[in-house]
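Asks: See protein20.txt below, with compact mmCIF, C-alpha atoms.
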# COMPACT_ATOMS: atom_id res chain seq x y z
CA MET A 1 125.43 89.45 66.58
CA GLY A 2 128.57 87.66 65.51
CA GLN A 3 130.48 89.64 68.03
CA ASN A 4 128.27 88.32 70.80
CA MET A 5 128.87 84.83 69.56
CA GLN A 6 132.61 85.27 69.86
CA MET A 7 132.30 86.82 73.26
CA ALA A 8 130.05 84.01 74.42
CA GLU A 9 132.54 81.45 73.14
CA GLU A 10 135.22 83.25 75.03
CA ILE A 11 133.16 83.28 78.21
CA ARG A 12 132.50 79.60 77.91
CA SER A 13 136.12 78.68 77.34
CA GLN A 14 137.28 80.93 80.14
CA GLN A 15 134.50 79.91 82.46
CA ASP A 16 136.76 78.67 85.20
CA VAL A 17 138.83 81.82 85.24
CA ILE A 18 135.77 84.06 85.28
CA LEU A 19 134.12 82.00 87.95
CA LYS A 20 137.19 82.18 90.11
CA SER A 21 137.53 85.93 89.93
CA TRP A 22 133.77 86.45 90.21
CA ILE A 23 133.62 84.46 93.40
CA ALA A 24 136.70 86.25 94.68
CA PHE A 25 134.89 89.55 94.07
CA GLN A 26 131.80 88.33 95.82
CA LEU A 27 133.77 87.03 98.76
CA SER A 28 135.85 90.17 99.12
CA GLY A 29 132.80 92.40 98.91
CA LEU A 30 131.53 93.83 102.16
CA THR A 31 128.03 92.97 101.06
CA LEU A 32 128.44 89.23 101.32
CA ARG A 33 126.73 87.78 104.34
CA ARG A 34 128.98 84.97 105.42
CA ASP A 35 126.70 84.33 108.37
CA LEU A 36 123.80 83.51 106.06
CA LEU A 37 125.49 81.84 103.13
CA LYS A 38 128.11 79.11 102.95
CA GLU A 39 130.97 79.53 100.52
CA SER A 40 130.24 76.19 98.88
CA GLU A 41 126.65 77.19 98.21
CA LEU A 42 127.78 80.45 96.71
CA ARG A 43 130.25 78.62 94.48
CA GLU A 44 127.60 76.21 93.27
CA SER A 45 124.96 78.84 92.49
CA SER A 46 127.53 81.07 90.81
CA ARG A 47 128.68 78.22 88.60
CA GLN A 48 125.13 77.34 87.61
CA PHE A 49 124.24 80.89 86.78
CA LEU A 50 127.40 81.50 84.78
CA GLU A 51 126.69 78.44 82.65
CA MET A 52 123.19 79.61 81.88
CA PHE A 53 124.45 83.12 81.33
CA SER A 54 126.99 82.08 78.70
CA GLU A 55 124.45 79.86 76.97
CA ALA A 56 121.89 82.63 76.73
CA PHE A 57 124.49 85.22 75.82
CA ALA A 58 125.50 83.12 72.83
CA VAL A 59 121.99 83.56 71.43
CA THR A 60 121.34 87.21 72.15
CA ALA A 61 122.34 90.04 74.44
CA ASP A 62 118.72 91.07 74.89
CA CYS A 63 117.65 89.60 78.22
CA ASP A 64 113.94 89.95 77.43
CA ALA A 65 114.33 87.25 74.76
CA PRO A 66 113.04 83.73 75.51
CA ALA A 67 116.58 82.35 75.41
CA TRP A 68 117.21 84.13 78.70
CA LYS A 69 114.33 82.48 80.51
CA PRO A 70 116.32 79.68 82.24
CA ALA A 71 118.96 82.13 83.40
CA LYS A 72 116.36 84.56 84.69
CA ASP A 73 114.43 81.81 86.44
CA ASN A 74 117.63 80.72 88.11
CA LEU A 75 118.29 84.30 89.15
CA ALA A 76 114.75 84.68 90.48
CA GLU A 77 115.19 81.57 92.59
CA ILE A 78 118.42 82.87 94.08
CA SER A 79 116.83 86.24 94.74
CA ARG A 80 113.79 84.73 96.39
CA GLY A 81 115.96 82.50 98.56
CA ARG A 82 118.06 85.44 99.66
CA ALA A 83 115.02 87.57 100.40
CA LEU A 84 113.72 84.90 102.76
CA GLN A 85 117.15 84.42 104.35
CA GLY A 86 117.24 88.09 105.28
CA PHE A 87 119.65 89.59 102.75
CA SER A 88 119.27 93.28 102.02
CA PRO A 89 118.29 94.36 98.48
CA SER A 90 121.78 95.58 97.60
CA GLU A 91 123.36 92.45 98.98
CA THR A 92 121.11 90.46 96.69
CA ALA A 93 121.72 92.63 93.64
CA MET A 94 125.50 92.45 94.15
CA PHE A 95 125.34 88.84 93.04
CA VAL A 96 124.81 90.04 89.47
CA PHE A 97 126.68 93.33 89.61
CA SER A 98 129.88 91.73 90.83
CA LEU A 99 130.00 89.76 87.58
CA LYS A 100 130.76 93.00 85.73
CA GLN A 101 134.42 93.23 86.67
CA PRO A 102 135.45 89.73 85.53
CA LEU A 103 133.57 90.11 82.25
CA PHE A 104 135.04 93.54 81.61
CA ASP A 105 138.50 92.16 82.24
CA LEU A 106 137.85 89.44 79.72
CA ALA A 107 136.54 91.90 77.16
CA GLN A 108 139.58 94.08 77.63
CA GLN A 109 141.90 91.16 77.03
CA ARG A 110 140.08 90.28 73.84
CA ALA A 111 139.66 93.69 72.33
CA GLY A 112 143.18 94.77 73.08
CA HIS A 113 143.73 98.29 71.80
CA ASP A 114 140.62 98.47 69.61
CA GLY A 115 138.92 101.22 71.61
CA LYS A 116 135.75 101.38 69.55
CA ARG A 117 135.13 97.70 69.82
CA LEU A 118 135.85 97.73 73.53
CA ALA A 119 133.32 100.47 74.08
CA GLU A 120 130.69 98.49 72.20
CA ILE A 121 131.26 95.35 74.20
CA PHE A 122 131.28 97.30 77.44
CA TRP A 123 128.00 98.96 76.54
CA ASP A 124 126.34 95.65 75.68
CA LEU A 125 127.52 94.01 78.86
CA THR A 126 126.60 96.95 81.05
CA ALA A 127 123.09 97.19 79.64
CA LEU A 128 122.59 93.47 80.04
CA LEU A 129 123.92 93.16 83.57
CA ASP A 130 122.04 96.24 84.73
CA LYS A 131 118.80 94.75 83.47
CA LEU A 132 119.52 91.48 85.20
CA GLY A 133 120.39 93.34 88.38
CA LEU A 134 117.13 95.25 88.29
CA TYR A 135 115.27 92.04 87.65
CA THR A 136 116.88 90.52 90.75
CA THR A 137 115.78 93.47 92.84
CA GLU A 138 112.26 93.26 91.49
CA VAL A 139 111.96 89.60 92.40
CA TYR A 140 113.44 90.36 95.79
CA GLN A 141 110.81 93.05 96.35
CA GLU A 142 108.01 90.77 95.24
CA SER A 143 108.95 88.00 97.59
CA ARG A 144 109.24 90.44 100.48
CA GLU A 145 105.81 91.78 99.69
CA ALA A 146 104.43 88.26 99.59
CA VAL A 147 105.82 87.71 103.09
CA ILE A 148 104.23 90.93 104.35
CA HIS A 149 100.90 90.05 102.77
CA ARG A 150 100.89 86.63 104.38
CA GLN A 151 101.73 88.06 107.76
CA GLN A 152 98.94 90.60 107.45
CA GLN A 153 96.48 87.87 106.78
CA GLU A 154 97.70 85.75 109.66
CA LEU A 155 97.44 88.75 111.94
CA MET A 156 93.92 89.39 110.77
CA GLU A 157 92.83 85.86 111.55
CA LEU A 158 94.63 85.81 114.87
CA SER A 159 93.15 89.00 116.14
CA THR A 160 89.42 88.41 115.84
CA PRO A 161 88.41 85.63 118.19
CA VAL A 162 84.78 85.30 119.24
CA VAL A 163 84.40 83.63 122.62
CA GLN A 164 81.33 82.27 124.29
CA LEU A 165 80.94 83.59 127.82
CA TRP A 166 77.66 82.01 128.76
CA ASP A 167 74.70 80.34 127.23
CA GLU A 168 73.56 82.83 124.57
CA VAL A 169 76.26 85.37 125.43
CA LEU A 170 79.20 85.99 123.10
CA ALA A 171 82.17 88.25 123.65
CA LEU A 172 84.45 89.75 121.06
CA PRO A 173 87.63 91.19 122.58
CA LEU A 174 89.06 93.56 119.97
CA ILE A 175 92.78 94.23 120.00
CA GLY A 176 94.53 96.70 117.71
CA THR A 177 93.28 99.36 115.37
CA LEU A 178 90.06 98.83 113.49
CA ASP A 179 90.20 99.52 109.77
CA SER A 180 87.63 98.71 107.11
CA ASN A 181 89.16 95.34 106.27
CA ARG A 182 89.30 94.20 109.87
CA THR A 183 85.82 95.45 110.59
CA GLN A 184 84.56 93.33 107.74
CA VAL A 185 86.27 90.22 109.11
CA VAL A 186 85.19 90.98 112.66
CA MET A 187 81.60 91.54 111.59
CA GLU A 188 81.44 88.37 109.55
CA ASN A 189 82.99 86.27 112.32
CA LEU A 190 80.68 87.68 114.94
CA LEU A 191 77.50 87.27 112.90
CA GLN A 192 78.49 83.76 111.88
CA ARG A 193 78.98 82.83 115.52
CA VAL A 194 75.69 84.44 116.48
CA VAL A 195 73.97 82.13 114.00
CA GLU A 196 75.90 79.07 115.14
CA THR A 197 75.38 79.55 118.85
CA GLY A 198 71.98 81.23 118.77
CA ALA A 199 73.36 83.97 120.99
CA ARG A 200 71.05 86.73 122.14
CA ILE A 201 73.69 89.11 123.42
CA ALA A 202 77.07 89.98 121.97
CA ILE A 203 79.60 92.03 123.94
CA ILE A 204 82.23 93.91 121.96
CA ASP A 205 85.14 94.74 124.25
CA ILE A 206 87.36 97.55 122.97
CA THR A 207 89.86 97.63 125.84
CA GLY A 208 92.59 96.69 123.37
CA VAL A 209 91.71 99.30 120.78
CA PRO A 210 94.32 102.05 121.17
CA THR A 211 92.38 104.94 119.64
CA VAL A 212 88.82 105.51 118.61
CA ASP A 213 88.29 108.07 115.88
CA THR A 214 85.16 108.79 113.87
CA LEU A 215 85.97 106.02 111.41
CA VAL A 216 86.46 103.39 114.09
CA ALA A 217 83.28 104.55 115.82
CA GLN A 218 81.41 104.27 112.57
CA HIS A 219 82.71 100.74 112.08
CA LEU A 220 81.63 99.82 115.58
CA MET A 221 78.17 101.22 114.97
CA LYS A 222 77.88 99.25 111.75
CA THR A 223 78.76 96.05 113.56
CA VAL A 224 76.21 96.80 116.25
CA ALA A 225 73.53 97.56 113.66
CA ALA A 226 74.21 94.34 111.76
CA THR A 227 74.08 92.30 114.95
CA ARG A 228 70.79 93.91 115.85
CA LEU A 229 69.36 93.07 112.44
CA MET A 230 70.25 89.44 113.10
CA GLY A 231 68.17 89.57 116.24
CA ALA A 232 70.86 89.79 118.88
CA ASP A 233 71.68 92.70 121.16
CA CYS A 234 75.09 94.30 121.24
CA ILE A 235 76.89 95.86 124.18
CA ILE A 236 80.13 97.79 123.83
CA SER A 237 82.43 97.54 126.81
CA GLY A 238 85.96 98.47 127.80
CA ILE A 239 85.68 102.16 127.06
CA ARG A 240 88.61 103.89 128.72
CA PRO A 241 88.24 107.41 130.16
CA GLN A 242 90.34 109.00 127.40
CA ILE A 243 88.31 107.22 124.76
CA ALA A 244 85.07 108.39 126.32
CA GLN A 245 86.42 111.94 126.14
CA THR A 246 87.50 111.55 122.54
CA ILE A 247 84.15 110.14 121.52
CA VAL A 248 82.31 113.09 123.00
CA HIS A 249 84.76 115.63 121.56
CA LEU A 250 84.36 114.10 118.13
CA GLY A 251 80.61 114.41 118.44
CA VAL A 252 80.02 110.72 117.76
CA ASN A 253 76.57 109.68 118.84
CA LEU A 254 76.65 106.36 120.63
CA SER A 255 73.44 106.94 122.52
CA ASP A 256 71.55 104.18 120.69
CA ILE A 257 74.13 101.66 121.83
CA ILE A 258 74.49 100.22 125.28
CA THR A 259 77.97 101.06 126.51
CA LYS A 260 79.71 99.87 129.66
CA ALA A 261 83.04 100.73 131.18
CA THR A 262 84.20 97.19 131.77
CA LEU A 263 83.55 93.76 130.40
CA ALA A 264 82.36 92.67 133.84
CA ASP A 265 79.62 95.32 133.84
CA ALA A 266 78.55 94.31 130.38
CA PHE A 267 78.45 90.67 131.37
CA GLN A 268 76.30 91.51 134.37
CA ILE A 269 73.79 93.33 132.17
CA ALA A 270 73.78 90.38 129.79
CA LEU A 271 73.02 87.97 132.62
CA GLN A 272 70.28 90.23 133.91
CA ARG A 273 68.61 90.28 130.54
CA LEU A 274 68.76 86.51 130.30
CA GLY A 275 67.32 86.28 133.79
CA ALA A 276 70.38 84.47 135.13
CA THR A 277 72.23 85.29 138.33
CA VAL A 278 75.68 84.48 139.55
CA SER A 279 76.38 84.60 143.26
CA LYS A 280 79.18 83.61 145.60
CA ALA A 281 78.64 80.17 147.10
CA ALA A 282 78.79 80.58 150.88
CA SER A 283 80.07 84.07 151.48
CA ALA A 284 76.72 85.59 152.43
CA THR A 285 76.23 84.99 156.17
CA MET B 1 53.05 85.12 89.24
CA GLU B 2 54.76 84.10 92.45
CA ARG B 3 53.00 84.88 95.68
CA ILE B 4 54.22 84.71 99.21
CA PRO B 5 51.85 82.80 101.49
CA ILE B 6 50.60 84.51 104.64
CA LEU B 7 49.74 82.03 107.40
CA LYS B 8 47.58 82.76 110.37
CA MET B 9 48.83 81.43 113.72
CA GLY B 10 46.49 82.45 116.51
CA PRO B 11 46.53 86.23 116.76
CA TYR B 12 49.68 86.45 114.65
CA LEU B 13 50.48 86.29 110.96
CA LEU B 14 53.46 84.28 109.75
CA VAL B 15 55.12 85.28 106.49
CA THR B 16 57.92 83.06 105.27
CA ILE B 17 59.73 84.35 102.25
CA GLN B 18 61.13 81.44 100.29
CA VAL B 19 61.32 82.86 96.80
CA ASP B 20 63.51 85.51 95.28
CA MET B 21 62.13 88.85 96.37
CA HIS B 22 61.43 90.63 93.11
CA ASP B 23 60.14 94.13 93.42
CA ARG B 24 56.71 93.09 92.14
CA VAL B 25 56.47 90.21 94.61
CA ALA B 26 57.37 92.56 97.43
CA MET B 27 54.72 95.08 96.41
CA THR B 28 52.07 92.35 96.28
CA LEU B 29 53.14 91.11 99.69
CA GLN B 30 52.81 94.60 101.12
CA ASP B 31 49.27 94.90 99.72
CA GLU B 32 48.11 91.50 100.85
CA LEU B 33 49.70 91.68 104.26
CA THR B 34 48.11 95.01 105.18
CA GLU B 35 44.73 93.69 104.06
CA ARG B 36 45.13 90.50 106.04
CA ILE B 37 46.17 92.38 109.17
CA VAL B 38 42.96 94.30 108.98
CA SER B 39 40.70 91.38 108.06
CA GLU B 40 42.19 88.97 110.61
CA ARG B 41 42.66 91.69 113.23
CA ALA B 42 46.18 90.39 113.71
CA GLN B 43 48.20 91.55 116.68
CA GLY B 44 51.59 90.68 115.31
CA VAL B 45 53.49 89.78 112.15
CA LEU B 46 56.41 87.42 112.01
CA LEU B 47 58.49 87.99 108.89
CA ASP B 48 60.84 85.06 108.34
CA ILE B 49 63.61 85.92 105.88
CA SER B 50 65.94 83.05 106.68
CA SER B 51 65.95 81.82 103.08
CA VAL B 52 66.63 85.22 101.58
CA ASP B 53 70.25 85.49 100.66
CA VAL B 54 70.20 88.48 98.33
CA VAL B 55 68.78 91.89 99.16
CA ASP B 56 68.97 95.26 97.51
CA SER B 57 68.08 98.68 98.82
CA PHE B 58 64.50 98.39 97.55
CA ILE B 59 63.83 95.15 99.40
CA GLY B 60 65.51 96.55 102.48
CA ARG B 61 63.23 99.55 102.37
CA MET B 62 60.21 97.28 101.79
CA ILE B 63 60.97 95.34 104.93
CA GLY B 64 61.16 98.60 106.86
CA ASN B 65 57.93 99.82 105.26
CA ILE B 66 56.05 96.63 106.05
CA ALA B 67 57.08 96.96 109.69
CA SER B 68 55.97 100.60 109.84
CA MET B 69 52.64 99.87 108.14
CA SER B 70 51.82 97.05 110.51
CA ARG B 71 52.62 99.28 113.43
CA VAL B 72 50.14 101.83 112.15
CA LEU B 73 47.60 99.00 112.04
CA ASP B 74 48.55 98.10 115.63
CA ALA B 75 50.40 94.92 114.82
CA GLU B 76 54.01 94.42 115.96
CA THR B 77 56.39 93.16 113.29
CA VAL B 78 59.36 91.00 114.13
CA VAL B 79 61.85 90.18 111.39
CA VAL B 80 63.51 86.84 112.09
CA GLY B 81 66.34 84.74 110.73
CA MET B 82 68.28 87.37 108.84
CA ARG B 83 71.46 85.92 107.43
CA PRO B 84 74.84 87.49 108.29
CA ALA B 85 75.51 88.47 104.68
CA VAL B 86 72.12 90.13 104.40
CA ALA B 87 72.62 92.02 107.66
CA ILE B 88 76.02 93.28 106.52
CA THR B 89 74.60 94.31 103.14
CA LEU B 90 71.75 96.26 104.70
CA VAL B 91 74.11 98.07 107.06
CA GLU B 92 76.49 98.89 104.22
CA LEU B 93 73.55 100.22 102.22
CA GLY B 94 72.81 102.54 105.12
CA LEU B 95 69.58 100.75 105.95
CA ALA B 96 70.11 99.84 109.57
CA LEU B 97 66.29 99.81 109.99
CA PRO B 98 66.33 101.10 113.57
CA SER B 99 62.55 100.91 113.82
CA ILE B 100 62.13 97.20 113.19
CA ARG B 101 62.42 94.50 115.79
CA THR B 102 64.46 91.42 115.13
CA ALA B 103 65.00 87.94 116.49
CA LEU B 104 67.36 85.14 115.68
CA ASN B 105 64.76 82.55 114.68
CA VAL B 106 61.01 82.01 114.51
CA ASP B 107 60.98 80.59 118.03
CA ALA B 108 62.67 83.63 119.55
CA GLY B 109 60.50 85.88 117.41
CA MET B 110 57.32 84.29 118.69
CA THR B 111 58.47 84.68 122.29
CA LEU B 112 59.24 88.31 121.59
CA LEU B 113 55.79 88.92 120.11
CA LYS B 114 54.05 87.29 123.04
CA SER B 115 56.06 89.19 125.64
CA SER B 116 55.54 92.50 123.87
CA ARG B 117 51.78 91.95 123.92
CA LYS B 118 51.81 91.46 127.68
CA THR B 119 53.70 94.66 128.34
CA SER B 120 52.18 97.84 127.08
CA HIS B 121 53.31 98.49 123.55
CA ASN B 122 55.09 101.79 123.61
CA GLY B 123 57.85 101.49 121.05
CA ARG B 124 60.58 99.01 121.77
CA SER B 125 59.89 97.01 124.86
CA PRO B 126 62.78 95.44 126.76
CA ARG B 127 63.85 92.08 125.51
Represent the structure contained in this file as structure tokens.
Replies:
Amino acid sequence: MGQNMQMAEEIRSQQDVILKSWIAFQLSGLTLRRDLLKESELRESSRQFLEMFSEAFAVTADCDAPAWKPAKDNLAEISRGRALQGFSPSETAMFVFSLKQPLFDLAQQRAGHDGKRLAEIFWDLTALLDKLGLYTTEVYQESREAVIHRQQQELMELSTPVVQLWDEVLALPLIGTLDSNRTQVVMENLLQRVVETGARIAIIDITGVPTVDTLVAQHLMKTVAATRLMGADCIISGIRPQIAQTIVHLGVNLSDIITKATLADAFQIALQRLGATVSKAASAT
Amino acid sequence: MERIPILKMGPYLLVTIQVDMHDRVAMTLQDELTERIVSERAQGVLLDISSVDVVDSFIGRMIGNIASMSRVLDAETVVVGMRPAVAITLVELGLALPSIRTALNVDAGMTLLKSSRKTSHNGRSPR
């Protein structure tokens, strides 16, 4: 790899020139987001990366080697930062790919008219930079997925509140589609609260559930069954006319479960069962 | 050999399961309980499973069986204190046990037994 050595030397000695043209390429590119990134920041991160790049390149051109670790870590950090700032994947990858032109220029200067040599250097550089570019995109993807995952979890926790309506009466207003994961969380939350509050009646309100298919109905029935096993009764309320139609068309059997059209009706039943009454203060004659 | 004690409280029998429910233990309990219901002429059984935190399908079925057997012997069974995790497990196993009656704790279970004795006992009485 003596050739690499020479090339690396060259890169290091010409660092300022390369950096200048690299940054010029990045700045001229349509893909640079000037609204998200300051020029000084770009300059600084480019300089850092180029230093690490030339150091690692002096050792080997194989970017899977341990010598490349600092450079790759640096790249990963940049990629992650850009992912969070809202750069697109290609905008992020351009950081690496725009380094091609300055390096090719340098190689051309060095190799002169030796075509074979030039081709070799070009091939090495292309393979290397492509790998680094792909790596950048991978890290970008990962950090985006991490964001999505976190949001999913936050959403899950946000959307399953269990509220106490009365002594021994709990309500669980469900909003959004019920899938297996959510059902699990909903069920656990509800049962936990039943234990904590010693509730005798739990009302599941599905006004906010957009569609009820067989799967959702099955999940609901599971929740009701589990609540019953704990020793509390379950009422399902907030069934909209369309949903009632769908349930019957699907042939789902909800006859073992007490269902009410509105939360108010369900609450009234709950109070009746507890032997409590609510009446208006002085309205009756 | 572990045994589960069966306590007599007035006309009712109180069974508190505080050990791991092995299959053998469960079988013994089933034997002893049915015999005691007959010998004590018990009117109700209170099965407290609040310290059980692991169940499998066999134990789930046993609980259902015990309830059915007592009903044949004219004693109501109320299962009390089931933990959330146990309830979820049973439902996921497909053992929703629709025939058994449940209550949140021993207190509520006892109230349920007493009230069901007053009303005529035709299946599930209103709670």
Asks: Within 7 Å of chain B, which residues belong to chain A? Use all atoms listed in the file and report them as a VMD selection string.
Replies: chain A and resid 188 191 to 192 198 222 225 to 226 228 to 232
Asks: Please identify all polymer residues within 12 Å of Ile78 of chain A, counting all atoms listed in the file, omitting same-chain residues fewer than 2 positions from it, and present them as a VMD selection string.
Replies: chain A and resid 37 41 to 42 44 to 46 48 to 49 71 to 76 80 to 85 87 91 to 96 135 to 137 139 to 140 143
Asks: What is the atom CA of Leu14 of chain B-atom CA of Leu274 of chain A distance in Å, reported with one decimal?
Replies: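 Between these atoms lies a distance of 25.7 Å.
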Asks: Atom CA of Lys116 of chain A to atom CA of Ser54 of chain A: how many Å, to one decimal?
Replies: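 So the two atoms, atom CA of Lys116 of chain A and atom CA of Ser54 of chain A, lie 23.1 Å apart.
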Asks: Could you work out how far atom CA of Lys38 of chain A lies from atom CA of Ala8 of chain A, giving the answer in Å with one decimal?
Replies: 29.0 Å
Asks: Which residue is closest to Ser50 of chain B? Choose from B:Ile66, B:Leu73, B:Met9, B:Val106 and count only C-alpha atoms.
Replies: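 Closest candidate: B:Val106.
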Asks: Determine, counting all atoms listed in the file, every residue of protein, DNA or RNA that lies within 9 Å of (128.2, 93.2, 90.7) in the file coordinates, then give the result as a PyMOL selection string.
Replies: chain A and resi 22+25-26+93-101+129+133
Asks: Between A:Ile203, A:Asn253, A:Met187, A:Ala261, which residue has the minimum interatomic distance to Asp233 of chain A, considering all atoms listed in the file?
Replies: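 With all atoms listed in the file as the atom set, the closest residue is A:Ile203.
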